[in-house]
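Raw contents of start.cif, mmCIF, C-alpha atoms:
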data_query
#
loop_
_atom_site.label_atom_id
_atom_site.label_comp_id
_atom_site.auth_asym_id
_atom_site.auth_seq_id
_atom_site.Cartn_x
_atom_site.Cartn_y
_atom_site.Cartn_z
CA MET T 1 -15.06 19.09 16.69
CA SER T 2 -13.69 18.91 20.22
CA ASP T 3 -11.69 15.78 21.01
CA GLY T 4 -11.19 16.57 24.66
CA PRO T 5 -7.87 17.04 26.41
CA GLU T 6 -5.97 14.64 24.13
CA SER T 7 -6.74 16.49 20.90
CA SER T 8 -3.08 17.38 20.49
CA HIS T 9 -2.37 13.69 19.73
CA HIS T 10 -5.36 13.11 17.49
CA PRO T 11 -6.46 15.24 14.57
CA SER T 12 -10.11 16.18 14.26
CA LEU T 13 -12.59 14.55 11.93
CA GLY T 14 -12.31 17.65 9.75
CA VAL T 15 -8.61 16.96 9.17
CA TYR T 16 -9.34 13.32 8.30
CA SER T 17 -12.07 14.36 5.87
CA ALA T 18 -9.80 16.92 4.19
CA VAL T 19 -7.08 14.28 3.76
CA PHE T 20 -9.64 11.84 2.34
CA VAL T 21 -10.85 14.40 -0.22
CA ALA T 22 -7.24 15.30 -1.10
CA LEU T 23 -6.42 11.61 -1.68
CA LEU T 24 -9.39 11.20 -4.00
CA ALA T 25 -8.50 14.41 -5.86
CA LEU T 26 -4.88 13.29 -6.27
CA THR T 27 -6.10 9.95 -7.64
CA GLY T 28 -8.03 11.95 -10.25
CA VAL T 29 -4.92 14.03 -10.97
CA THR T 30 -2.70 10.96 -11.42
CA VAL T 31 -5.20 9.48 -13.91
CA ALA T 32 -5.55 12.80 -15.75
CA VAL T 33 -1.81 13.41 -16.15
CA ALA T 34 -1.33 9.83 -17.38
CA TYR T 35 -3.27 10.78 -20.52
CA VAL T 36 -1.15 13.90 -21.11
CA ASP T 37 2.01 13.38 -23.15
CA LEU T 38 4.73 14.30 -20.67
CA GLY T 39 7.46 12.31 -22.42
CA ALA T 40 10.20 11.20 -20.06
CA TRP T 41 8.54 13.09 -17.18
CA ALA T 42 5.46 10.84 -17.09
CA GLY T 43 7.06 8.30 -14.74
CA PRO T 44 8.59 10.80 -12.28
CA VAL T 45 5.36 12.85 -12.14
CA ALA T 46 3.27 9.71 -11.43
CA LEU T 47 5.74 8.69 -8.71
CA ALA T 48 5.77 12.19 -7.20
CA ILE T 49 1.96 12.18 -6.91
CA ALA T 50 2.05 8.68 -5.40
CA CYS T 51 4.67 9.84 -2.86
CA LEU T 52 2.51 12.84 -1.96
CA LYS T 53 -0.52 10.57 -1.44
CA ALA T 54 1.54 8.11 0.61
CA SER T 55 2.82 11.00 2.77
CA LEU T 56 -0.72 12.17 3.46
CA VAL T 57 -1.70 8.63 4.53
CA ILE T 58 1.43 8.18 6.67
CA PHE T 59 1.37 11.54 8.45
CA PHE T 60 -2.38 11.87 9.04
CA PHE T 61 -4.15 8.49 8.73
CA MET T 62 -1.23 6.65 10.35
CA HIS T 63 -0.73 9.48 12.89
CA LEU T 64 3.00 9.75 12.26
CA LYS T 65 2.75 13.54 12.54
CA TYR T 66 1.56 13.08 16.13
CA GLU T 67 3.85 10.24 17.21
CA SER T 68 7.15 10.47 19.08
CA ARG T 69 10.40 11.13 17.25
CA LEU T 70 11.51 7.55 17.96
CA ILE T 71 8.66 6.14 15.91
CA GLY T 72 9.32 8.71 13.20
CA LEU T 73 12.96 7.60 13.10
CA TYR T 74 11.95 3.95 12.70
CA ALA T 75 9.53 4.75 9.90
CA ALA T 76 12.13 6.91 8.15
CA SER T 77 14.75 4.15 8.44
CA GLY T 78 12.58 1.83 6.34
CA PHE T 79 12.26 4.35 3.55
CA ALA T 80 15.95 5.27 3.83
CA MET T 81 16.96 1.63 3.30
CA LEU T 82 14.55 1.42 0.37
CA LEU T 83 16.13 4.53 -1.13
CA VAL T 84 19.64 3.07 -0.75
CA MET T 85 18.53 -0.12 -2.50
CA PHE T 86 16.91 1.78 -5.38
CA VAL T 87 19.64 4.38 -5.86
CA PHE T 88 22.50 1.88 -5.93
CA THR T 89 20.64 -0.38 -8.36
CA LEU T 90 19.79 2.54 -10.64
CA VAL T 91 23.37 3.85 -10.58
CA GLU T 92 24.58 0.38 -11.52
CA MET T 93 22.05 0.13 -14.35
CA ARG T 94 22.92 3.56 -15.73
CA SER T 95 26.59 2.58 -15.83
CA ARG T 96 25.85 -0.18 -18.33
CA PRO T 97 26.05 0.41 -22.07
CA PRO T 98 22.62 0.93 -23.68
CA GLN T 99 20.99 -2.24 -24.94
CA PRO T 100 18.41 -2.77 -27.66
CA GLU T 101 15.15 -4.13 -26.33
CA PRO T 102 15.56 -7.89 -26.73
CA ASP T 103 12.87 -10.47 -26.14
CA PRO T 104 13.70 -12.34 -22.93
CA LEU T 105 12.04 -15.49 -24.23
CA ALA T 106 14.95 -15.70 -26.60
CA PRO T 107 17.46 -18.14 -25.07
CA ALA T 108 19.69 -15.62 -23.34
CA GLY T 109 18.96 -13.38 -20.40
CA PRO T 110 18.17 -9.72 -21.00
CA LEU T 111 21.66 -8.43 -20.36
CA GLU T 112 23.69 -11.12 -22.14
CA PRO T 113 24.17 -11.47 -25.87
CA PRO T 114 22.13 -14.33 -27.32
CA PRO T 115 24.19 -17.46 -28.07
CA PRO T 116 24.60 -18.30 -31.75
CA SER T 117 21.85 -20.70 -32.81
CA PRO T 118 22.80 -23.58 -35.06
CA MET C 1 -3.68 10.25 36.36
CA ALA C 2 -1.10 7.50 36.78
CA SER C 3 -2.74 5.88 39.77
CA SER C 4 -6.10 5.62 38.01
CA SER C 5 -4.58 3.77 35.05
CA GLU C 6 -2.23 1.61 37.11
CA HIS C 7 -4.82 -1.08 37.68
CA HIS C 8 -6.45 -0.79 34.30
CA PRO C 9 -7.31 -4.32 33.05
CA ALA C 10 -5.63 -3.62 29.68
CA LEU C 11 -2.29 -2.72 31.32
CA HIS C 12 0.36 -5.43 31.13
CA HIS C 13 2.52 -5.66 34.24
CA HIS C 14 5.82 -4.89 32.50
CA PHE C 15 4.68 -1.41 31.46
CA ASP C 16 4.58 1.61 33.73
CA ASP C 17 1.32 2.95 32.36
CA LEU C 18 -1.02 2.70 29.39
CA GLU C 19 0.69 5.61 27.65
CA GLN C 20 4.01 3.75 27.68
CA GLN C 21 2.31 0.51 26.62
CA LYS C 22 0.68 2.23 23.67
CA ALA C 23 3.96 3.84 22.60
CA SER C 24 5.66 0.43 22.78
CA VAL C 25 3.11 -1.50 20.74
CA THR C 26 2.98 1.33 18.18
CA LEU C 27 6.75 1.19 17.82
CA GLY C 28 6.55 -2.60 17.44
CA MET C 29 3.99 -2.22 14.69
CA TRP C 30 6.18 0.27 12.86
CA VAL C 31 9.14 -2.12 13.09
CA PHE C 32 6.95 -4.76 11.45
CA LEU C 33 5.83 -2.28 8.79
CA VAL C 34 9.47 -1.43 8.01
CA THR C 35 10.06 -5.12 7.24
CA GLU C 36 6.96 -5.00 5.06
CA ILE C 37 8.33 -1.94 3.22
CA MET C 38 11.48 -3.92 2.40
CA PHE C 39 9.39 -6.99 1.50
CA PHE C 40 7.37 -5.11 -1.11
CA GLY C 41 10.43 -3.01 -1.97
CA GLY C 42 12.13 -6.02 -3.59
CA LEU C 43 9.20 -6.45 -5.97
CA PHE C 44 9.12 -2.73 -6.75
CA LEU C 45 12.84 -2.84 -7.50
CA ALA C 46 12.35 -5.82 -9.83
CA TYR C 47 9.59 -3.86 -11.55
CA LEU C 48 11.84 -0.81 -11.96
CA VAL C 49 14.72 -2.84 -13.41
CA TYR C 50 12.55 -4.65 -15.95
CA ARG C 51 10.55 -1.56 -16.89
CA ALA C 52 13.81 0.29 -17.54
CA SER C 53 14.95 -2.67 -19.66
CA TYR C 54 11.74 -3.11 -21.70
CA PRO C 55 9.90 0.22 -21.71
CA GLN C 56 7.89 -0.39 -24.92
CA ALA C 57 6.80 -3.89 -23.95
CA PHE C 58 5.73 -2.69 -20.48
CA ALA C 59 3.69 0.13 -22.02
CA ALA C 60 2.02 -2.24 -24.50
CA ALA C 61 1.28 -4.81 -21.78
CA SER C 62 0.01 -2.12 -19.39
CA HIS C 63 -2.59 -1.08 -21.96
CA HIS C 64 -4.25 -4.46 -21.43
CA LEU C 65 -5.16 -3.39 -17.88
CA ASP C 66 -8.42 -1.52 -17.33
CA ALA C 67 -7.38 1.90 -16.01
CA THR C 68 -10.99 2.76 -15.09
CA LEU C 69 -11.34 -0.33 -12.89
CA GLY C 70 -7.94 0.45 -11.38
CA ALA C 71 -8.98 4.03 -10.59
CA VAL C 72 -12.30 2.90 -9.10
CA ASN C 73 -10.48 0.37 -6.95
CA THR C 74 -8.03 3.04 -5.81
CA ALA C 75 -10.94 5.23 -4.70
CA VAL C 76 -12.58 2.25 -2.96
CA LEU C 77 -9.39 1.43 -1.06
CA ILE C 78 -8.84 5.08 -0.06
CA GLY C 79 -12.46 5.05 1.14
CA SER C 80 -11.73 1.96 3.25
CA SER C 81 -8.72 3.74 4.76
CA PHE C 82 -11.00 6.66 5.63
CA THR C 83 -13.56 4.40 7.35
CA MET C 84 -10.65 2.73 9.19
CA VAL C 85 -9.50 6.13 10.43
CA LEU C 86 -13.06 6.78 11.63
CA ALA C 87 -12.99 3.42 13.46
CA VAL C 88 -9.74 4.39 15.21
CA ASP C 89 -11.23 7.78 16.06
CA ALA C 90 -14.33 6.07 17.48
CA ALA C 91 -12.10 3.80 19.58
CA HIS C 92 -10.27 6.83 20.91
CA LYS C 93 -13.58 8.35 21.95
CA GLY C 94 -14.81 5.09 23.48
CA LYS C 95 -17.74 4.70 21.05
CA ARG C 96 -17.96 0.93 20.74
CA GLY C 97 -20.93 0.87 18.38
CA ALA C 98 -19.14 3.20 15.98
CA ILE C 99 -16.03 0.97 16.04
CA THR C 100 -18.11 -1.98 14.84
CA LEU C 101 -19.89 0.13 12.21
CA PHE C 102 -16.71 1.56 10.69
CA VAL C 103 -14.72 -1.69 10.84
CA VAL C 104 -17.59 -3.47 9.04
CA LEU C 105 -17.67 -0.65 6.46
CA THR C 106 -13.91 -1.04 6.00
CA MET C 107 -14.38 -4.77 5.40
CA VAL C 108 -17.22 -4.14 2.93
CA LEU C 109 -15.05 -1.71 0.91
CA GLY C 110 -12.15 -4.17 1.10
CA ALA C 111 -14.45 -6.90 -0.23
CA VAL C 112 -15.54 -4.64 -3.11
CA PHE C 113 -11.86 -4.08 -3.94
CA LEU C 114 -11.11 -7.81 -3.93
CA GLY C 115 -14.25 -8.51 -5.98
CA VAL C 116 -13.10 -6.08 -8.69
CA LYS C 117 -9.63 -7.62 -8.48
CA ALA C 118 -11.06 -11.13 -8.95
CA PHE C 119 -13.04 -9.87 -11.97
CA GLU C 120 -9.83 -8.44 -13.44
CA TYR C 121 -7.89 -11.66 -12.78
CA HIS C 122 -10.63 -13.66 -14.49
CA HIS C 123 -10.47 -11.34 -17.47
CA LYS C 124 -6.69 -11.80 -17.73
CA TRP C 125 -7.16 -15.57 -17.56
CA VAL C 126 -9.70 -15.51 -20.41
CA GLU C 127 -7.41 -13.26 -22.47
CA HIS C 128 -4.43 -15.63 -22.00
CA LEU C 129 -2.49 -12.94 -20.16
CA VAL C 130 -1.57 -15.16 -17.20
CA PRO C 131 2.13 -16.07 -17.47
CA GLY C 132 2.70 -19.70 -18.31
CA PRO C 133 2.32 -22.12 -21.20
CA SER C 134 -0.95 -20.57 -22.41
CA PHE C 135 0.35 -16.99 -22.40
CA ALA C 136 -0.46 -15.21 -25.66
CA PHE C 137 0.38 -11.62 -26.59
CA GLU C 138 0.16 -9.97 -29.97
CA GLY C 139 3.31 -8.11 -30.93
CA ALA C 140 6.96 -9.01 -30.95
CA ALA C 141 7.84 -8.68 -27.26
CA VAL C 142 5.97 -11.73 -25.94
CA GLY C 143 8.61 -12.53 -23.35
CA SER C 144 8.96 -9.04 -21.88
CA ALA C 145 5.15 -8.67 -21.83
CA GLN C 146 5.08 -11.92 -19.87
CA ILE C 147 7.53 -10.43 -17.37
CA PHE C 148 5.16 -7.47 -16.96
CA PHE C 149 2.23 -9.76 -16.22
CA LEU C 150 4.35 -11.92 -13.93
CA LEU C 151 5.16 -8.79 -11.92
CA TYR C 152 1.51 -7.67 -12.15
CA PHE C 153 0.25 -10.91 -10.64
CA ALA C 154 3.06 -11.14 -8.08
CA MET C 155 2.59 -7.57 -6.83
CA THR C 156 -1.21 -7.36 -6.90
CA GLY C 157 -1.42 -10.95 -5.60
CA LEU C 158 0.82 -10.22 -2.63
CA HIS C 159 -1.18 -7.04 -2.04
CA ALA C 160 -4.46 -8.98 -2.18
CA LEU C 161 -3.04 -11.56 0.25
CA HIS C 162 -2.28 -8.72 2.66
CA MET C 163 -5.89 -7.58 2.37
CA VAL C 164 -7.17 -11.09 3.12
CA ILE C 165 -4.94 -11.14 6.21
CA GLY C 166 -6.38 -7.71 7.00
CA PHE C 167 -9.85 -9.26 7.06
CA GLY C 168 -8.61 -11.63 9.76
CA VAL C 169 -7.32 -8.65 11.74
CA MET C 170 -10.67 -6.86 11.34
CA MET C 171 -12.55 -9.96 12.52
CA ALA C 172 -10.36 -10.03 15.63
CA ILE C 173 -11.14 -6.35 16.24
CA LEU C 174 -14.87 -7.01 15.89
CA ILE C 175 -14.74 -9.96 18.31
CA TRP C 176 -12.65 -8.07 20.88
CA ASN C 177 -14.99 -5.11 20.59
CA LYS C 178 -17.98 -7.38 21.23
CA GLN C 179 -16.17 -8.75 24.28
CA GLY C 180 -15.76 -5.18 25.51
CA ARG C 181 -11.97 -5.17 25.49
CA PHE C 182 -11.70 -1.63 24.12
CA THR C 183 -12.07 1.29 26.47
CA LYS C 184 -11.73 5.02 26.09
CA GLU C 185 -8.39 4.74 27.91
CA TYR C 186 -6.93 1.93 25.82
CA ALA C 187 -7.81 0.64 22.37
CA ALA C 188 -4.36 0.37 20.79
CA GLN C 189 -5.35 -2.79 18.93
CA VAL C 190 -7.70 -0.77 16.73
CA HIS C 191 -4.92 1.76 16.13
CA LEU C 192 -2.48 -1.03 15.11
CA ALA C 193 -5.04 -2.66 12.82
CA GLY C 194 -5.44 0.78 11.24
CA LEU C 195 -1.69 1.12 10.72
CA TYR C 196 -1.64 -2.23 8.92
CA TRP C 197 -4.63 -1.37 6.75
CA HIS C 198 -3.19 2.03 5.77
CA PHE C 199 0.11 0.41 4.86
CA VAL C 200 -1.73 -1.92 2.47
CA ASP C 201 -3.46 1.15 1.05
CA ILE C 202 -0.09 2.85 0.46
CA VAL C 203 1.21 -0.17 -1.46
CA TRP C 204 -1.78 0.12 -3.79
CA ILE C 205 -1.26 3.89 -4.17
CA PHE C 206 2.08 3.02 -5.82
CA LEU C 207 0.89 -0.08 -7.67
CA PHE C 208 -1.95 1.75 -9.44
CA PRO C 209 0.08 4.28 -11.49
CA LEU C 210 3.02 1.90 -11.97
CA LEU C 211 0.94 -0.95 -13.38
CA TYR C 212 -2.16 0.65 -14.91
CA LEU C 213 -1.06 4.04 -16.17
CA ILE C 214 2.13 3.48 -18.19
CA ASP C 215 2.30 5.63 -21.31
CA ARG C 216 -1.47 6.16 -21.58
CA SER C 217 -1.02 9.30 -23.66
CA GLY C 218 0.04 7.11 -26.55
CA GLY C 219 2.90 9.49 -27.26
#

As structure tokens, what does this structure read like?
Amino acid sequence: MSDGPESSHHPSLGVYSAVFVALLALTGVTVAVAYVDLGAWAGPVALAIACLKASLVIFFFMHLKYESRLIGLYAASGFAMLLVMFVFTLVEMRSRPPQPEPDPLAPAGPLEPPPPSP
Amino acid sequence: MASSSEHHPALHHHFDDLEQQKASVTLGMWVFLVTEIMFFGGLFLAYLVYRASYPQAFAAASHHLDATLGAVNTAVLIGSSFTMVLAVDAAHKGKRGAITLFVVLTMVLGAVFLGVKAFEYHHKWVEHLVPGPSFAFEGAAVGSAQIFFLLYFAMTGLHALHMVIGFGVMMAILIWNKQGRFTKEYAAQVHLAGLYWHFVDIVWIFLFPLLYLIDRSGG
């Protein structure tokens, strides 16, 4: 599996194949754990597997492992901004009092009390 | 090394050498992908907020999606990412025939994915699960189930649109390859097309568990 003098910048076909098999296996795992009753952990576990799969794609298929630090910084900045957006929104949501699950087709929005109907 | 690549036909005059040119276009592609991350991120955030607000309705609505078809499509798309990687590898080794082969394979797998997606959309239409006046859902939470399907169509639709655009990119790669624009020294276009295709794959890697696999244990 020799790639010549530039092999330090490009993984071998063996690495690509291993990542491909790992991605398929993790897809099987994410389906399998979805049918196991994990309670409140079901969502975080599914997201953790998805993040692991995304990391494999980013670092190997998208070559980020072999790119310069500048490109790594740019890629990380996108995910950092995403994290800021999600964390602040979640913190704000958690600070609200718990609501019963209303039907949003009722006149009011989900987070407002419904107006009295005549 | 530098003098041999200085007059390479692929080298634009404002770059010192092909290495620098490739680093620049790769950085440019990543900047674009960061905007794409934020673009899809808004939809993912909307999904998170509404799922946190209506967990039962989202679980009930999610059960109307075919998890088997979703899993098959995930495998198909991962397969297309793998063939794309092989195309980029072929470009790096200067194997023009292999570039065409693997790009065509990527397009075939992408077409299979979109075909399954179209079948699923048709099924939702027949079952009155498309948001709008004809939306029908058994159970109390009709409105929140409609929000789930609105997000389902918005997210998978935007994803599918990205794949259709990807087909255009692949066609360009095929044409440029036929014209002999890719050489062992420089084939960054194939690399950039790969980055785009893998990004679309990553979006689906998150969409699949979030949309298809909510609360499947029935617990």

Item to check | Spatial neighbours of stretch 74-76 of chain T, max dist 12 Å, all atoms listed in the file, sep filter under 6 positions, as a VMD selection string | outcome: (chain T and resid 55 58 to 59 62 to 65 67 to 68 82 to 83) or (chain C and resid 26 to 38 195 199)

Checklist entry - Near chain T, which residues of chain C fall within 8 Å when you count all atoms listed in the file, and what do they look like as a PyMOL selection string? => result chain C and resi 26-27+30-31+34-35+37-38+41+45+49+53-54+71+74-75+78-79+81-82+85-86+93+140-144+194-195+198+202+205-206+209-210+213-219

Keeping only C-alpha atoms, write those residues as an mmCIF file, keeping the file's coordinate frame.
data_model
loop_
_atom_site.group_PDB
_atom_site.id
_atom_site.type_symbol
_atom_site.label_atom_id
_atom_site.label_comp_id
_atom_site.auth_asym_id
_atom_site.auth_seq_id
_atom_site.Cartn_x
_atom_site.Cartn_y
_atom_site.Cartn_z
ATOM 1 C CA THR C 26 2.980 1.330 18.180
ATOM 2 C CA LEU C 27 6.750 1.190 17.820
ATOM 3 C CA TRP C 30 6.180 0.270 12.860
ATOM 4 C CA VAL C 31 9.140 -2.120 13.090
ATOM 5 C CA VAL C 34 9.470 -1.430 8.010
ATOM 6 C CA THR C 35 10.060 -5.120 7.240
ATOM 7 C CA ILE C 37 8.330 -1.940 3.220
ATOM 8 C CA MET C 38 11.480 -3.920 2.400
ATOM 9 C CA GLY C 41 10.430 -3.010 -1.970
ATOM 10 C CA LEU C 45 12.840 -2.840 -7.500
ATOM 11 C CA VAL C 49 14.720 -2.840 -13.410
ATOM 12 C CA SER C 53 14.950 -2.670 -19.660
ATOM 13 C CA TYR C 54 11.740 -3.110 -21.700
ATOM 14 C CA ALA C 71 -8.980 4.030 -10.590
ATOM 15 C CA THR C 74 -8.030 3.040 -5.810
ATOM 16 C CA ALA C 75 -10.940 5.230 -4.700
ATOM 17 C CA ILE C 78 -8.840 5.080 -0.060
ATOM 18 C CA GLY C 79 -12.460 5.050 1.140
ATOM 19 C CA SER C 81 -8.720 3.740 4.760
ATOM 20 C CA PHE C 82 -11.000 6.660 5.630
ATOM 21 C CA VAL C 85 -9.500 6.130 10.430
ATOM 22 C CA LEU C 86 -13.060 6.780 11.630
ATOM 23 C CA LYS C 93 -13.580 8.350 21.950
ATOM 24 C CA ALA C 140 6.960 -9.010 -30.950
ATOM 25 C CA ALA C 141 7.840 -8.680 -27.260
ATOM 26 C CA VAL C 142 5.970 -11.730 -25.940
ATOM 27 C CA GLY C 143 8.610 -12.530 -23.350
ATOM 28 C CA SER C 144 8.960 -9.040 -21.880
ATOM 29 C CA GLY C 194 -5.440 0.780 11.240
ATOM 30 C CA LEU C 195 -1.690 1.120 10.720
ATOM 31 C CA HIS C 198 -3.190 2.030 5.770
ATOM 32 C CA ILE C 202 -0.090 2.850 0.460
ATOM 33 C CA ILE C 205 -1.260 3.890 -4.170
ATOM 34 C CA PHE C 206 2.080 3.020 -5.820
ATOM 35 C CA PRO C 209 0.080 4.280 -11.490
ATOM 36 C CA LEU C 210 3.020 1.900 -11.970
ATOM 37 C CA LEU C 213 -1.060 4.040 -16.170
ATOM 38 C CA ILE C 214 2.130 3.480 -18.190
ATOM 39 C CA ASP C 215 2.300 5.630 -21.310
ATOM 40 C CA ARG C 216 -1.470 6.160 -21.580
ATOM 41 C CA SER C 217 -1.020 9.300 -23.660
ATOM 42 C CA GLY C 218 0.040 7.110 -26.550
ATOM 43 C CA GLY C 219 2.900 9.490 -27.260
#

Item to check | Picked residues, the PyMOL selection byres ((chain C and resi 132-134) around 12), expected as a PyMOL selection string | outcome: (chain T and resi 105) or (chain C and resi 124-131+135-137+142-143+145-147+149-150+153)

Checklist entry - Which of these residues is nearest to C:Leu18, using all atoms listed in the file: C:Ala193, C:Leu48, C:Ala188, C:Leu151? => result C:Ala188

Please identify all polymer residues within 12 Å of C:Leu69, counting only C-alpha atoms, omitting same-chain residues fewer than 6 positions from it, and present them as a short mmCIF file (atom, residue, chain, number, x, y, z; two decimals) with C-alpha atoms, in the frame of the given file.
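New file result_30.cif:
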data_model
loop_
_atom_site.label_atom_id
_atom_site.label_comp_id
_atom_site.auth_asym_id
_atom_site.auth_seq_id
_atom_site.Cartn_x
_atom_site.Cartn_y
_atom_site.Cartn_z
CA VAL T 31 -5.20 9.48 -13.91
CA ALA C 75 -10.94 5.23 -4.70
CA VAL C 76 -12.58 2.25 -2.96
CA VAL C 112 -15.54 -4.64 -3.11
CA PHE C 113 -11.86 -4.08 -3.94
CA LEU C 114 -11.11 -7.81 -3.93
CA GLY C 115 -14.25 -8.51 -5.98
CA VAL C 116 -13.10 -6.08 -8.69
CA LYS C 117 -9.63 -7.62 -8.48
CA ALA C 118 -11.06 -11.13 -8.95
CA PHE C 119 -13.04 -9.87 -11.97
CA GLU C 120 -9.83 -8.44 -13.44
CA TYR C 121 -7.89 -11.66 -12.78
CA HIS C 123 -10.47 -11.34 -17.47
CA PHE C 208 -1.95 1.75 -9.44
CA TYR C 212 -2.16 0.65 -14.91
CA LEU C 213 -1.06 4.04 -16.17
#

Checklist entry - Rounded to one decimal in Å, what is the spacing between atom CA of C:Met170 and atom CA of C:Ser80? => result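 Atom-to-atom, atom CA of C:Met170 to atom CA of C:Ser80, that is 12.0 Å.
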
So for stretch 165-182 of chain C, what box centre and size do we get, axis-aligned, 5 Å extra on each of the six sides, every listed atom, Å to one decimal, as lines of an AutoDock Vina configuration file?
center_x = -11.5
center_y = -6.6
center_z = 15.9
size_x = 23.0
size_y = 20.0
size_z = 29.3

Checklist entry - Which distance in Å separates atom CA of T:Trp41 and atom CA of T:Leu26, to one decimal? => result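 Between these atoms lies a distance of 17.3 Å.
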
Next on the checklist: For a test of reading the model, state the distance in Å between atom CA of C:Leu211 and atom CA of T:Pro97, rounded to one decimal.
Outcome noted: 26.6 Å
